[in-house]
Amino acid sequence: MPAIQTKAMTKTYRYTEQRPGLGGAVRGLFRPDRRERVAVDTLDLTVPRGQIIGLLGPNGAGKTTTIKMLCGLLRPTSGEVEVFGHRPAKRGYDFLSRISVVFGQRSMLWWDVSTYDSLLIHREMYALPKPRFDQAVEDLSERLQVQDILNIPVRKLSLGQRMRCELILALLHGPDLLFADEPTVGLDVVAKLTVRNFLAELNRDLGTTIVLTSHDMNDVAALCERVAVINHGRIIFDGDLTALRGRADAGIDADLDQVMSKLFTEAADA
Ligand SMILES: Nc1ncnc2c1ncn2[C@@H]1O[C@H](COP(=O)(O)OP(=O)(O)OP(=O)(O)O)[C@@H](O)[C@H]1O
């Protein structure tokens, strides 16, 4: 059984367009301007266990929406999705205990308490026995070099420190699959390398499947054996980086940002 399997997975957002000004707001109360946006369009994706796959695409391509459906935060409008054989939208305990998600742009840590206090709350949520909890905290904090900052209130941490703590929180229960949505966004080069190396180690040592979204092609080149490129909610490329360069008629040493930009421009012109 693969880690992830989707068949024609589609998400259409239904929303109300806001009209400008007070008059527009009043008119909107009586005649709401209803719209639809297809964010993910008949997406077929199979990810085997133990793979690191990069989910790439320009802003608004549908990457976050895809991840939200894969981890059960959103229900697909149509199509099918299975993660380790579970329907994510049911949010069953067996499913939730096997996955985790970390968002670079959003914090899962409680802001006013220390990381360690957030970890204690997660320990209760996942009913982790104390020895397993202690071992996981020790192992993860050593790998991420955060032993000294676990007791500092989260709001006092730098972005790089906070991101490393977010990873501990996400991995405390030992998930088999991690969704990492822009985990290096805004980080300096040292912090980026720490996060990158950590994700590579996690995959190599524990066999954790990782779905990574990133606009940083250095992250992708360092980590992803496979990339799926999404544009307007559809997969326009699925393969390794050599094939990606070939698809854009670029040489083996071609700059990956330029390769991606060429691919997106071609897709927009098509
Ligand atoms: N709640 C929502 N209601 C309506 N439209 C939405 C909603 N959330 C996202 N969208 C739209 O769906 C499309 C896909 O958005 P999504 O956030 O999945 O893209 P993304 O690839 O993650 O982008 P980015 O790289 O900028 O984070 C965009 O056009 C976005 O405006």
# chains A, B, ... in the order shown; residues from 1 in each chain; ligands from 1
>>> residues_near_ligand(ligand="ligand 1", cutoff="9 Å", atoms="only C-alpha atoms and all ligand atoms", output="ChimeraX atom specification")
/A:11-16,35-40,55-68,181-182,213-215,230-233
>>> write_last_selection(atoms="C-alpha atoms", output="PDB file, in the first residue's frame")
ATOM      1  CA  LYS A  11     -11.203  21.003  -4.586  1.00  0.00           C
ATOM      2  CA  THR A  12     -13.508  23.812  -5.612  1.00  0.00           C
ATOM      3  CA  TYR A  13     -13.726  26.726  -3.202  1.00  0.00           C
ATOM      4  CA  ARG A  14     -17.062  28.486  -3.058  1.00  0.00           C
ATOM      5  CA  TYR A  15     -16.842  32.017  -1.774  1.00  0.00           C
ATOM      6  CA  THR A  16     -18.572  35.375  -1.854  1.00  0.00           C
ATOM      7  CA  ARG A  35     -18.018  32.654  -7.046  1.00  0.00           C
ATOM      8  CA  GLU A  36     -16.182  29.363  -7.447  1.00  0.00           C
ATOM      9  CA  ARG A  37     -12.490  28.655  -7.810  1.00  0.00           C
ATOM     10  CA  VAL A  38     -11.083  25.277  -8.762  1.00  0.00           C
ATOM     11  CA  ALA A  39      -7.912  25.169  -6.656  1.00  0.00           C
ATOM     12  CA  VAL A  40      -7.035  21.501  -7.280  1.00  0.00           C
ATOM     13  CA  LEU A  55       5.288  19.579  -4.493  1.00  0.00           C
ATOM     14  CA  LEU A  56       6.203  22.630  -6.522  1.00  0.00           C
ATOM     15  CA  GLY A  57       4.351  25.380  -8.309  1.00  0.00           C
ATOM     16  CA  PRO A  58       3.882  29.133  -8.527  1.00  0.00           C
ATOM     17  CA  ASN A  59       1.909  31.106  -5.929  1.00  0.00           C
ATOM     18  CA  GLY A  60      -1.726  30.062  -5.952  1.00  0.00           C
ATOM     19  CA  ALA A  61      -1.037  26.803  -7.853  1.00  0.00           C
ATOM     20  CA  GLY A  62      -2.898  24.677  -5.297  1.00  0.00           C
ATOM     21  CA  LYS A  63      -0.060  23.184  -3.238  1.00  0.00           C
ATOM     22  CA  THR A  64      -1.386  24.135   0.219  1.00  0.00           C
ATOM     23  CA  THR A  65      -4.912  23.080  -0.737  1.00  0.00           C
ATOM     24  CA  THR A  66      -3.517  19.691  -1.819  1.00  0.00           C
ATOM     25  CA  ILE A  67      -1.662  19.260   1.467  1.00  0.00           C
ATOM     26  CA  LYS A  68      -4.752  20.263   3.459  1.00  0.00           C
ATOM     27  CA  ASP A 181       4.812  23.293   3.811  1.00  0.00           C
ATOM     28  CA  GLU A 182       7.578  25.834   3.174  1.00  0.00           C
ATOM     29  CA  THR A 213       6.573  22.329  -0.646  1.00  0.00           C
ATOM     30  CA  SER A 214       9.141  25.025  -1.099  1.00  0.00           C
ATOM     31  CA  HIS A 215       9.891  27.926  -3.408  1.00  0.00           C
ATOM     32  CA  ILE A 230       1.412  21.860 -10.073  1.00  0.00           C
ATOM     33  CA  ASN A 231      -0.022  24.737 -12.059  1.00  0.00           C
ATOM     34  CA  HIS A 232      -3.642  25.898 -11.805  1.00  0.00           C
ATOM     35  CA  GLY A 233      -4.354  22.827  -9.686  1.00  0.00           C
TER      36      GLY A 233
END
>>> residues_around(residues="Ala250 of chain A", least_positions_apart="4", cutoff="12 Å", atoms="only C-alpha atoms", output="VMD selection string")
chain A and resid 241 to 246 254 to 263
>>> select_by_dssp(residues="segment 82-188 of chain A", states="helix (DSSP H, G or I)", output="ChimeraX atom specification")
/A:88-90,93-96,115-125,130-143,147-149,154-156,159-171
>>> residues_around(residues="Val190 of chain A", least_positions_apart="4", cutoff="12 Å", atoms="only C-alpha atoms", output="list in words")
Gly160, Gln161, Arg164, Thr184, Gly186, Thr194, Val195, Arg196 and Asn197 of chain A
>>> closest_atom_pairs(of="segment 1-109 of chain A", to="segment 217-225 of chain A", cutoff="9 Å", atoms="only C-alpha atoms", output="tab-separated table")
residue	atom	partner	partner_atom	distance
A:Gln51	CA	A:Glu225	CA	7.4
A:Ile52	CA	A:Cys224	CA	5.2
A:Ile53	CA	A:Cys224	CA	5.4
A:Gly54	CA	A:Cys224	CA	5.7
A:Leu56	CA	A:Val220	CA	8.9
>>> closest_residue(among="A:Asp139, A:Asp216, A:Asp240, A:Asp249", to="Phe198 of chain A", atoms="only C-alpha atoms")
A:Asp139
>>> residues_around(residues="Val113 of chain A", least_positions_apart="3", cutoff="10 Å", atoms="only C-alpha atoms", output="list in words")
Leu109, Trp110, Tyr116, Asp117, Ser118, Asn151, Ile152, Pro153, Val154, Arg155 and Lys156 of chain A
>>> residues_around(residues="Arg75 of chain A", least_positions_apart="4", cutoff="10 Å", atoms="only C-alpha atoms", output="list in words")
Met9, Thr10, Lys11, Thr65, Lys68, Met69, Leu70, Cys71, Glu80, Val81, Arg87, Pro88, Ala89 and Lys90 of chain A
>>> closest_residue(among="A:Ala8, A:Glu142, A:Val101, A:Leu96", to="Ser78 of chain A", atoms="only C-alpha atoms")
A:Ala8
>>> atom_distance(atom1="atom CA of Ala228 of chain A", atom2="atom CA of Leu45 of chain A")
8.7 Å
>>> residues_around(residues="Leu29 of chain A", least_positions_apart="6", cutoff="12 Å", atoms="only C-alpha atoms", output="list in words")
Thr16, Glu17, Gln18, Arg19, Leu22 and Gly23 of chain A
>>> write_last_selection(atoms="C-alpha atoms", output="JSON list (two decimals), in the first residue's frame")
[["chain", "number", "residue", "atom", "x", "y", "z"],
["A", 16, "THR", "CA", -18.57, 35.37, -1.85],
["A", 17, "GLU", "CA", -16.82, 38.24, -3.60],
["A", 18, "GLN", "CA", -16.79, 41.41, -1.46],
["A", 19, "ARG", "CA", -17.95, 44.55, -3.30],
["A", 22, "LEU", "CA", -20.35, 50.64, 2.24],
["A", 23, "GLY", "CA", -22.91, 50.56, -0.60]]
>>> residues_around(residues="segment 102-104 of chain A", least_positions_apart="5", cutoff="9 Å", atoms="only C-alpha atoms", output="CSV table (one decimal) with C-alpha atoms, in the first residue's frame")
chain,number,residue,atom,x,y,z
A,163,MET,CA,11.1,26.5,13.2
A,166,GLU,CA,8.0,23.4,15.4
A,167,LEU,CA,9.7,20.3,13.9
A,169,LEU,CA,6.4,19.3,18.1
A,170,ALA,CA,5.4,17.9,14.7
A,178,LEU,CA,5.4,14.5,7.3
A,179,PHE,CA,3.9,17.3,5.3
A,180,ALA,CA,6.4,20.2,5.3
A,181,ASP,CA,4.8,23.3,3.8
A,182,GLU,CA,7.6,25.8,3.2
A,183,PRO,CA,9.6,24.8,6.3
A,184,THR,CA,12.5,27.1,5.4
A,185,VAL,CA,10.7,30.2,4.4
A,186,GLY,CA,12.3,33.3,5.9
>>> select_by_dssp(residues="segment 95-265 of chain A", states="strand (DSSP E)", output="MDAnalysis selection string")
chainID A and resid 99:103 177:181 209:213 226:231 234:239
